[in-house]
Structures are given as C-alpha cells and as structure tokens.
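Student: To be precise about what I am sending: the file is called work.txt and holds compact mmCIF, C-alpha atoms.
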# COMPACT_ATOMS: atom_id res chain seq x y z
CA MET A 211 -14.36 -27.46 -13.13
CA LEU A 212 -11.10 -26.24 -14.55
CA PRO A 213 -8.23 -25.60 -12.14
CA ILE A 214 -8.34 -21.91 -13.12
CA GLU A 215 -12.00 -21.73 -12.11
CA ILE A 216 -11.29 -23.42 -8.77
CA LEU A 217 -8.42 -21.02 -8.05
CA SER A 218 -10.44 -17.94 -8.95
CA THR A 219 -13.36 -19.22 -6.86
CA ILE A 220 -11.04 -19.55 -3.87
CA PHE A 221 -9.83 -15.98 -4.33
CA LEU A 222 -13.36 -14.59 -4.79
CA ALA A 223 -14.67 -16.49 -1.75
CA GLY A 224 -11.77 -15.24 0.36
CA GLY A 225 -12.45 -11.67 -0.73
CA ALA A 226 -16.14 -12.01 0.08
CA PHE A 227 -15.29 -13.49 3.50
CA PHE A 228 -13.01 -10.59 4.39
CA MET A 229 -15.57 -8.01 3.22
CA ILE A 230 -18.22 -9.66 5.42
CA ALA A 231 -15.79 -9.79 8.37
CA GLY A 232 -15.05 -6.07 7.93
CA THR A 233 -18.75 -5.21 7.87
CA ALA A 234 -19.42 -7.35 10.97
CA GLY A 235 -16.57 -5.56 12.73
CA LEU A 236 -18.10 -2.22 11.79
CA TYR A 237 -21.14 -3.19 13.88
CA LYS A 238 -19.38 -5.09 16.65
CA PHE A 239 -16.44 -2.88 17.65
CA PRO A 240 -17.01 -0.30 20.42
CA ASP A 241 -15.97 3.09 19.02
CA PHE A 242 -14.98 5.18 16.01
CA TYR A 243 -11.29 4.23 15.94
CA THR A 244 -11.67 0.48 16.33
CA ARG A 245 -14.40 0.47 13.68
CA LEU A 246 -11.95 2.13 11.31
CA HIS A 247 -9.54 -0.73 12.06
CA ALA A 248 -12.12 -3.23 10.83
CA THR A 249 -13.15 -1.43 7.66
CA GLY A 250 -9.76 -0.06 6.70
CA LYS A 251 -7.96 -3.39 6.69
CA CYS A 252 -10.58 -5.93 5.72
CA ASP A 253 -11.97 -3.85 2.88
CA THR A 254 -8.57 -3.26 1.30
CA MET A 255 -7.72 -6.95 1.48
CA GLY A 256 -11.14 -8.08 0.25
CA GLN A 257 -11.08 -5.72 -2.70
CA VAL A 258 -7.59 -6.84 -3.75
CA LEU A 259 -8.53 -10.52 -3.45
CA ILE A 260 -11.67 -10.02 -5.55
CA ILE A 261 -9.66 -8.21 -8.23
CA PHE A 262 -7.13 -11.07 -8.23
CA GLY A 263 -9.96 -13.58 -8.65
CA CYS A 264 -11.26 -11.64 -11.67
CA MET A 265 -7.72 -11.51 -13.06
CA ILE A 266 -7.28 -15.28 -12.83
CA TYR A 267 -10.74 -15.96 -14.23
CA GLU A 268 -10.20 -13.74 -17.26
CA GLY A 269 -6.92 -15.42 -18.16
CA TRP A 270 -3.89 -13.64 -19.57
CA SER A 271 -5.00 -10.62 -21.59
CA TYR A 272 -4.32 -6.90 -21.72
CA ILE A 273 -6.84 -6.35 -18.92
CA THR A 274 -4.64 -8.32 -16.50
CA ILE A 275 -2.03 -5.61 -16.14
CA LYS A 276 -4.64 -2.88 -15.77
CA LEU A 277 -6.35 -4.84 -13.00
CA LEU A 278 -2.96 -5.33 -11.33
CA LEU A 279 -2.40 -1.56 -11.45
CA VAL A 280 -5.87 -0.97 -10.01
CA SER A 281 -5.12 -3.24 -7.06
CA ALA A 282 -1.74 -1.55 -6.50
CA PHE A 283 -3.50 1.81 -6.45
CA TYR A 284 -6.02 0.43 -3.99
CA LEU A 285 -3.21 -0.65 -1.66
CA LEU A 286 -1.88 2.92 -1.76
CA ALA A 287 -5.20 4.76 -1.47
CA GLY A 288 -6.89 2.56 1.15
CA PRO A 289 -4.52 3.36 4.05
CA ALA A 290 -4.35 7.03 3.04
CA GLY A 291 -8.13 7.34 3.31
CA THR A 292 -8.21 5.45 6.62
CA HIS A 293 -5.50 7.69 8.04
CA ALA A 294 -7.33 10.84 6.88
CA LEU A 295 -10.52 9.75 8.68
CA MET A 296 -8.54 8.80 11.79
CA LYS A 297 -6.74 12.14 11.96
CA ALA A 298 -9.97 14.06 11.35
CA GLY A 299 -11.56 12.19 14.26
CA TYR A 300 -8.55 12.85 16.51
CA VAL A 301 -8.36 16.56 15.69
CA THR A 302 -12.09 16.99 16.24
CA GLY A 303 -11.67 15.41 19.68
CA ILE A 304 -13.54 12.12 19.64
CA LYS A 305 -12.62 10.28 22.85
CA PRO A 306 -10.99 6.87 22.33
CA TRP A 307 -12.68 3.94 24.05
CA LYS A 308 -10.69 2.27 26.87
CA LYS A 309 -11.13 -1.29 28.04
CA GLY A 310 -13.85 -1.44 30.68
CA ASP A 311 -15.74 1.65 29.54
CA GLN A 312 -19.40 1.67 28.64
CA ARG A 313 -20.12 0.84 25.01
CA ASN A 314 -21.72 3.65 23.05
CA MET B 70 23.86 19.44 -10.19
CA SER B 71 26.24 17.51 -12.41
CA ARG B 72 25.52 16.83 -16.04
CA GLU B 73 25.88 13.06 -15.70
CA SER B 74 23.27 12.69 -13.00
CA ARG B 75 20.89 14.76 -15.15
CA THR B 76 21.40 12.39 -18.07
CA PHE B 77 21.03 9.35 -15.83
CA ARG B 78 17.77 10.65 -14.40
CA PHE B 79 16.45 11.51 -17.85
CA VAL B 80 17.22 8.05 -19.24
CA LEU B 81 15.82 6.25 -16.20
CA THR B 82 12.58 8.21 -16.30
CA PHE B 83 12.26 7.63 -20.04
CA CYS B 84 12.74 3.88 -19.68
CA ILE B 85 10.12 3.63 -16.94
CA MET B 86 7.63 5.74 -18.89
CA PHE B 87 8.11 3.75 -22.08
CA ILE B 88 7.74 0.41 -20.29
CA PHE B 89 4.57 1.74 -18.67
CA TRP B 90 3.21 2.81 -22.08
CA LEU B 91 4.00 -0.63 -23.52
CA LEU B 92 2.25 -2.37 -20.62
CA LEU B 93 -0.91 -0.33 -21.06
CA SER B 94 -1.12 -0.53 -24.86
CA TRP B 95 0.70 -3.60 -26.07
CA TRP B 96 -2.62 -5.09 -27.17
CA THR B 97 -2.88 -2.44 -29.90
CA ILE B 98 0.54 -3.30 -31.35
CA TYR B 99 -0.04 -7.03 -31.02
CA LEU B 100 -2.16 -7.62 -34.13
CA ILE B 101 -1.08 -5.23 -36.84
CA GLU B 102 1.33 -4.91 -39.76
CA PRO B 103 5.04 -4.02 -39.36
CA PHE B 104 4.63 -0.58 -40.92
CA ASP B 105 1.92 0.39 -38.47
CA LEU B 106 4.06 -1.05 -35.72
CA THR B 107 6.75 1.56 -36.27
CA MET B 108 4.09 4.27 -36.46
CA LEU B 109 2.57 3.23 -33.15
CA LEU B 110 5.90 2.74 -31.43
CA SER B 111 6.98 6.22 -32.50
CA LYS B 112 3.79 7.58 -30.97
CA GLY B 113 4.67 5.83 -27.74
CA VAL B 114 8.23 7.17 -27.83
CA LEU B 115 6.93 10.68 -28.47
CA ALA B 116 4.40 10.50 -25.65
CA SER B 117 6.94 9.19 -23.15
CA LEU B 118 9.49 11.80 -24.26
CA ILE B 119 7.02 14.61 -23.58
CA VAL B 120 6.17 13.21 -20.16
CA THR B 121 9.84 12.68 -19.38
CA CYS B 122 10.79 16.27 -20.29
CA LEU B 123 8.05 17.56 -18.02
CA THR B 124 8.58 15.33 -15.01
CA TYR B 125 12.12 13.89 -14.79
CA GLU B 126 13.21 16.47 -12.24
CA MET B 127 10.63 15.37 -9.69
CA PHE B 128 10.25 11.74 -10.76
CA VAL B 129 13.72 10.79 -9.51
CA PRO B 130 14.49 12.83 -6.39
CA SER B 131 17.68 14.87 -6.37
CA ARG B 132 20.05 13.28 -3.82
CA SER B 133 19.77 9.72 -4.98
CA GLU B 134 22.91 8.23 -6.51
CA LYS B 135 21.91 4.87 -5.06
CA VAL B 136 18.45 4.80 -6.59
CA LEU B 137 18.90 1.36 -8.14
CA LEU B 138 19.98 -0.16 -4.81
CA LYS B 139 16.99 1.42 -3.10
CA LEU B 140 14.67 0.14 -5.82
CA ARG B 141 15.97 -3.41 -5.43
CA ARG B 142 15.54 -3.35 -1.67
CA PHE B 143 12.10 -1.74 -2.05
CA LEU B 144 10.86 -4.63 -4.22
CA GLY B 145 11.84 -7.09 -1.49
CA TYR B 146 10.10 -4.87 1.04
CA ILE B 147 6.85 -4.92 -1.00
CA ILE B 148 6.74 -8.73 -0.94
CA TRP B 149 7.33 -8.80 2.84
CA GLU B 150 4.65 -6.13 3.24
CA LEU B 151 2.06 -8.14 1.26
CA TYR B 152 2.66 -11.07 3.63
CA GLN B 153 2.16 -8.71 6.61
CA ILE B 154 -1.11 -7.45 5.10
CA VAL B 155 -2.48 -11.00 4.94
CA LEU B 156 -1.51 -11.49 8.62
CA ALA B 157 -3.18 -8.18 9.53
CA THR B 158 -6.47 -9.03 7.88
CA ILE B 159 -6.67 -12.45 9.52
CA ASP B 160 -5.84 -10.80 12.86
CA VAL B 161 -8.69 -8.29 12.55
CA ALA B 162 -11.05 -11.05 11.41
CA TYR B 163 -10.19 -13.00 14.60
CA ARG B 164 -10.97 -9.92 16.71
CA VAL B 165 -14.32 -9.54 14.94
CA VAL B 166 -15.24 -13.15 15.68
CA GLY B 167 -14.24 -12.58 19.32
CA THR B 168 -11.39 -15.01 19.99
CA LEU B 169 -8.89 -12.16 20.54
CA PRO B 170 -9.50 -9.22 22.89
CA VAL B 171 -10.08 -5.57 21.89
CA ASP B 172 -8.06 -3.22 24.11
CA PRO B 173 -7.34 0.01 22.18
CA ARG B 174 -4.58 2.49 23.10
CA ILE B 175 -2.65 5.40 21.58
CA ILE B 176 1.17 5.27 21.52
CA GLU B 177 3.93 7.64 20.35
CA PHE B 178 7.50 6.81 19.32
CA ASP B 179 10.48 8.30 17.46
CA THR B 180 12.13 6.91 14.34
CA THR B 181 15.29 7.69 12.39
CA LEU B 182 13.43 8.30 9.12
CA ARG B 183 13.62 11.80 7.60
CA SER B 184 12.98 11.80 3.84
CA ASP B 185 9.44 12.24 2.57
CA PHE B 186 9.23 8.96 0.72
CA ALA B 187 10.45 6.91 3.70
CA LEU B 188 7.99 8.66 6.04
CA VAL B 189 5.06 8.02 3.69
CA THR B 190 6.06 4.40 3.14
CA PHE B 191 6.31 3.74 6.86
CA ALA B 192 3.00 5.50 7.63
CA ASN B 193 1.22 3.47 4.95
CA SER B 194 2.82 0.26 6.20
CA ILE B 195 1.69 0.96 9.77
CA THR B 196 -1.87 1.41 8.59
CA LEU B 197 -1.77 -1.81 6.57
CA THR B 198 -0.18 -4.13 9.15
CA PRO B 199 -1.75 -5.85 12.19
CA GLY B 200 -3.96 -3.69 14.38
CA THR B 201 -2.32 -0.27 14.02
CA ILE B 202 -3.29 2.96 12.24
CA THR B 203 -1.20 6.14 11.92
CA ILE B 204 -2.86 9.23 13.41
CA ASN B 205 -0.15 11.87 13.08
CA VAL B 206 3.42 12.32 11.81
CA GLU B 207 5.95 15.00 12.77
CA PRO B 208 8.46 14.93 9.90
CA GLU B 209 11.21 16.98 11.62
CA ARG B 210 11.74 14.49 14.43
CA GLY B 211 10.39 11.40 12.69
CA ARG B 212 7.78 11.13 15.45
CA TYR B 213 4.73 8.95 14.90
CA MET B 214 1.42 8.83 16.78
CA VAL B 215 -0.29 5.48 16.32
CA HIS B 216 -3.63 4.02 17.39
CA ALA B 217 -3.29 0.31 18.24
CA ILE B 218 -6.22 -2.05 18.72
CA ALA B 219 -4.52 -4.20 21.44
CA LYS B 220 -1.29 -4.64 23.39
CA GLU B 221 0.64 -7.00 21.05
CA PRO B 222 0.51 -4.79 17.92
CA ALA B 223 1.58 -1.77 20.00
CA ASP B 224 4.52 -3.73 21.43
CA SER B 225 5.63 -4.90 18.00
CA LEU B 226 6.05 -1.23 17.00
CA GLU B 227 7.39 0.15 20.29
CA VAL B 228 9.64 -2.66 21.53
CA ASP B 229 10.61 -4.94 18.62
CA GLN B 230 10.76 -2.21 15.94
CA THR B 231 11.26 -4.69 13.09
CA MET B 232 9.35 -2.58 10.62
CA GLN B 233 11.11 0.74 11.12
CA LYS B 234 14.45 -1.06 10.98
CA TYR B 235 13.45 -2.62 7.67
CA VAL B 236 12.26 0.73 6.24
CA GLY B 237 15.49 2.39 7.42
CA TYR B 238 17.46 -0.40 5.75
CA VAL B 239 15.55 0.08 2.48
CA PHE B 240 16.04 3.87 2.34
CA LEU B 241 19.57 3.91 3.86
CA GLU B 242 18.46 6.03 6.83
CA GLU B 243 19.38 3.90 9.83
Now, as a test, write the supplied structure out as structure tokens.
Tutor:
Amino acid sequence: MLPIEILSTIFLAGGAFFMIAGTAGLYKFPDFYTRLHATGKCDTMGQVLIIFGCMIYEGWSYITIKLLLVSAFYLLAGPAGTHALMKAGYVTGIKPWKKGDQRN
Amino acid sequence: MSRESRTFRFVLTFCIMFIFWLLLSWWTIYLIEPFDLTMLLSKGVLASLIVTCLTYEMFVPSRSEKVLLKLRRFLGYIIWELYQIVLATIDVAYRVVGTLPVDPRIIEFDTTLRSDFALVTFANSITLTPGTITINVEPERGRYMVHAIAKEPADSLEVDQTMQKYVGYVFLEE
C-alpha cells in the first residue's frame, strides 16, 4: 500500500468510528438534549474526517479545494443546526433529565 | 464615512473575491493558450467586480480599521478551535462508551462580547467544544444560556473562561 492510501484509510476509519460512536450515543443517552450532544458533535467530526480522507485519496487536484470548502461549511452549519434543535426543544418545554431521574 | 476607508474596503473585498474565483476555477485556466488565458481572467475580473460593487458595504463591516489584525488573530483562533473540536469528539465518544459520567445541567453566564460576529463565533465555538451546546443568546448583555453534559465542561466555561477571553482577544472586545 502507498503511504497516501494508508493515511486516507486512517482518516476514513476515524470518521467511520466517530459516526458509529455518535449513533450509539443517540440510543444510549437518557434524554433529548444529551442525545443532541452525541449527534451534533460526533457527526460533524466524522463527516469532516471522511471528507479529508477523500481529499487525500484523490491527490492534489481542483476538487481538493472544493472539498475543503465543503468541510468548512459543514463546520459552520453543523453547530447552527444543533443549536436550532436545542432552542426549539427548550422553547417547547421539554424537561431536561437530571442525574438520578428515571430514564425515558 | 471617509473616502479612504471606502477605497480600502473596496480593494480588500475585490482581492478576496478574485482569489476565491481563482481557487474555484484555476483548473480551467491551467491547460489553455495564452490568448484564452487573458479572456478567462478578464471574465473572472468582471465577475468579481460585479460582486464587489454589490456587496463591499456589508462584506467588511463599517467600524473596522483593524480588520487585518483581527483576521490574523482569527486564523490562529481557527487552528486552536480545530484542536478543541478533536478533544470534544473524543470526550463525547468516552461518554458513549461509559467511562465518563453523564450529569447534564443548564448554566447561564455573562460575557463582554457585543458585536454580531463575535457573538456568533463564540456561540458556534461553544457548540463545537467539549460537552456544551448553546441554547439562547441575549445580545444586549452578552448573556449566554448553555446546556452542559457534565460538571467539568460547565466549569471550564463558568470558572476558567479561557474561551471567552480568547474570543474577546481576537475581536478586541475585552
């Protein structure tokens, strides 16, 4: 294997790991807000890592900069979407889970 | 507004737009003859001129003589922020696996930030860094409401305040 292939494999595997961790957190965490913590962070990171892996695998071409711009946009849009969901939940009046409560 | 700052803003916006155009379409000017090169470059200049005329008044905000200083500090901030994002993701992954506890709480605190761009940057940074998500912002007082997943992330915002100090340093609003 070429070093470029090894490096891109590492990035792609890391991205896949974080996506899986985010999905597991979506099932494991107790309430709406903590589930948003899992998906909001792990999905952003996983997506960016996968895009970086594709970038390295493709080599230096005109697609590289476009992929870089896509990942930059993802870093801006991911937290904005998470915050919008969070605020919608808070305004609607979903009760936050406290330590020691019953899981729902 | 003075004439010089208008010219400065126009030139800065034009440079950024033209560099952006070159980044997105340099592959079309890479392979062709010199005559066509001037044709294509003039198209790019024309396109960025039109965009500049339309948008330079909002692209560079009005009270910003120190925009280059802010830009330089902001680039350093982005690198620090990317490192924090990696830490945040590993932190959440640990909590999913179960080695760290989940103890959610909602906290509120005041900051010294007032301008729109600083408020948005800080809110986005809170959402991206370990275990905290912004719920609400009151721009007049710089007041933030934050949901934290455990005690340590909440303390790092409420007690240590490294991040709001850094954002204040970047946007000269300490």
Student: Return as a Markdown table the residues of chain A lying at most 8 Å from chain B, together with the closest atom-to-atom pair for each and the distance in Å to one decimal, counting only C-alpha atoms, with rows in chain order and ascending residue number.
Tutor:
| residue | atom | partner | partner_atom | distance |
| --- | --- | --- | --- | --- |
| A:Phe228 | CA | B:Ala162 | CA | 7.3 |
| A:Ala231 | CA | B:Ala162 | CA | 5.8 |
| A:Gly232 | CA | B:Ala162 | CA | 7.3 |
| A:Ala234 | CA | B:Val165 | CA | 6.8 |
| A:Gly235 | CA | B:Val165 | CA | 5.1 |
| A:Lys238 | CA | B:Val165 | CA | 7.0 |
| A:Phe239 | CA | B:Val165 | CA | 7.5 |
| A:Tyr243 | CA | B:His216 | CA | 7.8 |
| A:Thr244 | CA | B:Ile218 | CA | 6.5 |
| A:His247 | CA | B:Gly200 | CA | 6.7 |
| A:Ala248 | CA | B:Val161 | CA | 6.4 |
| A:Lys251 | CA | B:Thr158 | CA | 6.0 |
| A:Cys252 | CA | B:Thr158 | CA | 5.6 |
| A:Met255 | CA | B:Thr158 | CA | 6.8 |
| A:Tyr272 | CA | B:Trp96 | CA | 6.0 |
| A:Ile275 | CA | B:Leu92 | CA | 7.0 |
| A:Lys276 | CA | B:Leu93 | CA | 7.0 |
| A:Leu286 | CA | B:Asn193 | CA | 7.4 |
| A:Pro289 | CA | B:Thr196 | CA | 5.6 |
| A:Ala290 | CA | B:Asn193 | CA | 6.9 |
| A:Thr292 | CA | B:Thr196 | CA | 7.8 |
| A:His293 | CA | B:Thr203 | CA | 6.0 |
| A:Met296 | CA | B:Ile204 | CA | 5.9 |
| A:Lys297 | CA | B:Ile204 | CA | 5.1 |
| A:Tyr300 | CA | B:Ile204 | CA | 7.4 |
| A:Pro306 | CA | B:Pro173 | CA | 7.8 |
| A:Trp307 | CA | B:Pro173 | CA | 6.9 |
| A:Lys308 | CA | B:Pro173 | CA | 6.2 |
| A:Lys309 | CA | B:Asp172 | CA | 5.3 |
Student: What lies within 12 Å of Asp185 (chain B) using only C-alpha atoms, ignoring chain neighbours under 4 positions off, as an MDAnalysis selection string?
Tutor: chainID B and resid 130 189:192 206:209 211 240 242
Student: In Å, how far is it from CA of Gln257 (chain A) to CA of Ile214 (chain A)?
Tutor: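 Rounded to one decimal, the two atoms are 19.4 Å apart.
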Student: Excluding Thr82 (chain B) and any residue of its chain fewer than 6 positions from it, enumerate the residues within 7 Å of it, using all atoms listed in the file, and give them as a list in words.
Tutor: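 Counting all atoms listed in the file, the residues come to Thr121, Tyr125 and Phe128 of chain B.
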